[in-house]
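Visitor: The structure's right below; bear with me while I get my questions together.
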Amino acid sequence: MARTPQGFPRPARLTRPSEFRRVFAHPRRSSDRYLTVLAAPNDLGHPRLGLAISRKVSPRAVERNRIKRLIRERFRHLQAELGNLDFVVIGRHGLTQLPAAQLNEILERHWKRLSRQSGNAS
RNA sequence: CGAGUCGGCCGGACAGUCGCGGGGAUCCACGGGAUCCUCGAGGAAAGUCCGGGCUCCACAGGGCAGGGUGCCAGGUAACGCCUGGGAGGCGCGAGCCUACGGAAAGUGCCACAGAAAACACACCGCCGAUGGCCCACGGGCACAGGCAAGGGUGAAAAGGUGCGGUAAGAGCGCACCGCGCGGGUGGCAACACGCCGCGGCAGGGUAAACCCCACCCGGAGCAAGACCAAAUAGGGAGGCCAGGAUGCGGCCCGCAUCGCCUCCGGGUAGGUCGCUUGAGGCAGCCGGUGACGGCUGUCCCAGAUGAAUGACUGUCCCCGACAGAACCCGGCUUACAGGCCGGCUCGAUUU
């Protein structure tokens, strides 16, 4: 683990369909009216993040990109506290109306709760 | 200065910190990572409405069906695009708009009004010369009949103006305008003509209604398509032990099936290519009214694949619109805060 804890390189992301399927198969959930977060443990020694922001969230690509960037940015800052979990964040309709500060707050609450439930928060 | 019109351009800036994708160099405990350098969304990247390249499939030729285009010429790889020109319409003007072939091929459709919507018609009208009667010789009366100028309806009533003509009228005649046909001249052509001749003269609209005419058009799309290739099902070829198992045989031989190895084939997960050097950008010169073309020089300018441009802080201003590449180009259309530059037009003002 020589990786800088502030970075967000490829190994910290879910990339393959099979990795997404693994999380969707047996997830812990945490959700509200803006988004749903799924989590499943891994044995890598660090958390990973996957995003599912569909057209239902917003028909405009610019808005979807903005949401994904904000989520990744928040993950980058918090990843050291999240334990060995794979997260998938699913956006819901109306997410684009949420101010950035509030989005950050919501994300932190979901991630930390799921991390605590798994009992391996660092 | 105000109003307008056409064309071109920009689309927050700078600094710092933490991050992301591509490329290059160097290094390391090399299917990974580190350091440094460098590049990293748009004018519409959008809608996917046209046109092409590219790829695979289909294909002798011709025709039909279906779809598209529709003044002429040019540009282009091509176009439904662009440029120039013509015609018609709008505007004082610069300029703008046009789905702009055919309704004297056929079929269909067209409210209301109006006498009549076409073999035109006669509601109100005009005349009543000719023939009849009366007469104070000016004329009057009634009928037969003639007429389509005026009124009225309508989107449209078979051309307009004037003169002649007549009882009143009428392309009835004439002149000019308009229309059609033939010719001439100019123009590559569309078309034009204040050129000539002929005809008193066709004709309501609608073809983004059917239709006719001319020209054009195979289909599917980068999840196209090509390659590498664990796994797995079954297959083909050769070899191995002349050893074995099972079946058919009383037994031998023999035949069939089974085993192991190699190769071929196959193609799932996954990976690689396609993937960015191109009908390319910029500058200069040349040809062209222009779209555009030619030559020379120069530059390399996103290539991701859950998918990269962001976050935070500070300073400034007029406080930031529409909006995110996904094979690539050429167009069109639509969205858009604010701003810059230039040409031209109209009006006002100033010395």
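For the structure tokens, the naming scheme is as follows: chains receive sequential letters (A, B, ...) according to their order of presentation, residues are indexed from 1 within each chain, and ligands are indexed from 1 in presentation order.
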Could you list the residues in chain A lying within 7 Å of chain B, using only C-alpha atoms (C1' of nucleotides), and format the result as a list in words?
Guide: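 Interface list for chain A against chain B: Gly7, Thr15, Leu51, Ala61, Val62, Arg69 and Glu73 of chain A.
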Visitor: May I have all residues of chain A that DSSP, computed from the backbone, assigns to helix (DSSP H, G or I), given as a PyMOL selection string?
Guide: chain A and resi 10-12+17-25+61-81+95-97+100-118
Visitor: Can you write just those residues out, C-alpha atoms, as a JSON list (two decimals), in the first residue's frame?
Guide:
```json
[["chain", "number", "residue", "atom", "x", "y", "z"],
["A", 10, "ARG", "CA", -7.85, 3.15, -11.42],
["A", 11, "PRO", "CA", -7.46, 0.45, -8.73],
["A", 12, "ALA", "CA", -9.79, 2.45, -6.48],
["A", 17, "PRO", "CA", -19.19, -5.57, -15.18],
["A", 18, "SER", "CA", -18.35, -8.58, -13.01],
["A", 19, "GLU", "CA", -17.23, -6.30, -10.18],
["A", 20, "PHE", "CA", -20.49, -4.40, -10.34],
["A", 21, "ARG", "CA", -22.44, -7.66, -10.38],
["A", 22, "ARG", "CA", -20.65, -8.83, -7.23],
["A", 23, "VAL", "CA", -21.77, -5.73, -5.34],
["A", 24, "PHE", "CA", -25.34, -5.90, -6.66],
["A", 25, "ALA", "CA", -25.60, -9.57, -5.70],
["A", 61, "ALA", "CA", -24.77, 15.00, -20.01],
["A", 62, "VAL", "CA", -23.22, 18.08, -18.45],
["A", 63, "GLU", "CA", -25.26, 17.66, -15.28],
["A", 64, "ARG", "CA", -24.52, 13.94, -15.02],
["A", 65, "ASN", "CA", -20.81, 14.62, -15.38],
["A", 66, "ARG", "CA", -20.96, 17.23, -12.65],
["A", 67, "ILE", "CA", -22.64, 14.81, -10.25],
["A", 68, "LYS", "CA", -20.08, 12.08, -10.94],
["A", 69, "ARG", "CA", -17.19, 14.47, -10.42],
["A", 70, "LEU", "CA", -18.55, 15.67, -7.12],
["A", 71, "ILE", "CA", -19.05, 12.12, -5.87],
["A", 72, "ARG", "CA", -15.57, 11.03, -6.93],
["A", 73, "GLU", "CA", -14.05, 14.09, -5.31],
["A", 74, "ARG", "CA", -15.75, 13.38, -2.01],
["A", 75, "PHE", "CA", -14.70, 9.72, -2.16],
["A", 76, "ARG", "CA", -11.13, 10.77, -2.80],
["A", 77, "HIS", "CA", -11.08, 12.78, 0.40],
["A", 78, "LEU", "CA", -12.80, 10.21, 2.60],
["A", 79, "GLN", "CA", -11.43, 6.92, 1.30],
["A", 80, "ALA", "CA", -8.92, 6.47, 4.12],
["A", 81, "GLU", "CA", -11.81, 6.18, 6.62],
["A", 95, "LEU", "CA", -30.18, 14.64, -7.59],
["A", 96, "THR", "CA", -29.07, 17.49, -9.83],
["A", 97, "GLN", "CA", -31.07, 19.98, -7.79],
["A", 100, "ALA", "CA", -22.77, 20.49, -3.68],
["A", 101, "ALA", "CA", -22.32, 21.02, 0.07],
["A", 102, "GLN", "CA", -25.44, 19.04, 0.89],
["A", 103, "LEU", "CA", -24.46, 16.25, -1.48],
["A", 104, "ASN", "CA", -21.13, 15.93, 0.30],
["A", 105, "GLU", "CA", -22.86, 15.70, 3.66],
["A", 106, "ILE", "CA", -25.24, 12.97, 2.46],
["A", 107, "LEU", "CA", -22.48, 10.93, 0.87],
["A", 108, "GLU", "CA", -20.35, 11.03, 4.01],
["A", 109, "ARG", "CA", -23.28, 9.89, 6.16],
["A", 110, "HIS", "CA", -24.09, 6.89, 3.90],
["A", 111, "TRP", "CA", -20.52, 5.75, 3.47],
["A", 112, "LYS", "CA", -19.63, 5.99, 7.15],
["A", 113, "ARG", "CA", -22.79, 4.20, 8.22],
["A", 114, "LEU", "CA", -22.11, 1.29, 5.86],
["A", 115, "SER", "CA", -18.51, 1.18, 6.91],
["A", 116, "ARG", "CA", -19.49, 1.05, 10.60],
["A", 117, "GLN", "CA", -22.01, -1.75, 9.95],
["A", 118, "SER", "CA", -19.31, -3.82, 8.32]]
```
Visitor: Kindly indicate which residue among B:G138, B:G182, B:G24, B:G4 lies nearest to B:G93, using only C-alpha atoms (C1' of nucleotides) for the distances.
Guide: B:G4
Visitor: Name all residues at most 10 Å from B:C179 (count only C-alpha atoms (C1' of nucleotides); drop same-chain ones fewer than 3 positions away) and give them as a short mmCIF file (atom, residue, chain, number, x, y, z; two decimals) with N, CA and C atoms (P, O5', C5', C4', C3', O3' and C1' of nucleotides), in the first residue's frame.
Guide:
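Full text of around_6.cif as output:
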```cif
data_model
loop_
_atom_site.label_atom_id
_atom_site.label_comp_id
_atom_site.auth_asym_id
_atom_site.auth_seq_id
_atom_site.Cartn_x
_atom_site.Cartn_y
_atom_site.Cartn_z
P G B 159 -63.05 40.28 -72.28
"O5'" G B 159 -61.80 40.79 -71.45
"C5'" G B 159 -62.00 41.33 -70.16
"C4'" G B 159 -60.70 41.73 -69.52
"C3'" G B 159 -60.41 43.22 -69.60
"O3'" G B 159 -61.17 43.94 -68.63
"C1'" G B 159 -58.45 42.01 -70.10
P C B 201 -61.11 36.77 -81.00
"O5'" C B 201 -59.78 36.57 -80.18
"C5'" C B 201 -59.24 35.27 -79.99
"C4'" C B 201 -58.55 35.21 -78.63
"C3'" C B 201 -59.37 35.76 -77.49
"O3'" C B 201 -59.28 34.90 -76.36
"C1'" C B 201 -57.28 36.86 -77.56
P A B 202 -60.36 33.69 -76.24
"O5'" A B 202 -59.56 32.61 -75.40
"C5'" A B 202 -59.18 31.34 -75.98
"C4'" A B 202 -58.13 30.67 -75.14
"C3'" A B 202 -58.42 30.68 -73.64
"O3'" A B 202 -59.14 29.51 -73.27
"C1'" A B 202 -56.26 31.56 -74.03
P G B 203 -60.38 29.59 -72.26
"O5'" G B 203 -59.71 30.01 -70.87
"C5'" G B 203 -58.76 29.15 -70.21
"C4'" G B 203 -58.01 29.95 -69.18
"C3'" G B 203 -58.88 30.61 -68.13
"O3'" G B 203 -59.09 29.72 -67.03
"C1'" G B 203 -57.37 32.20 -69.03
#
```
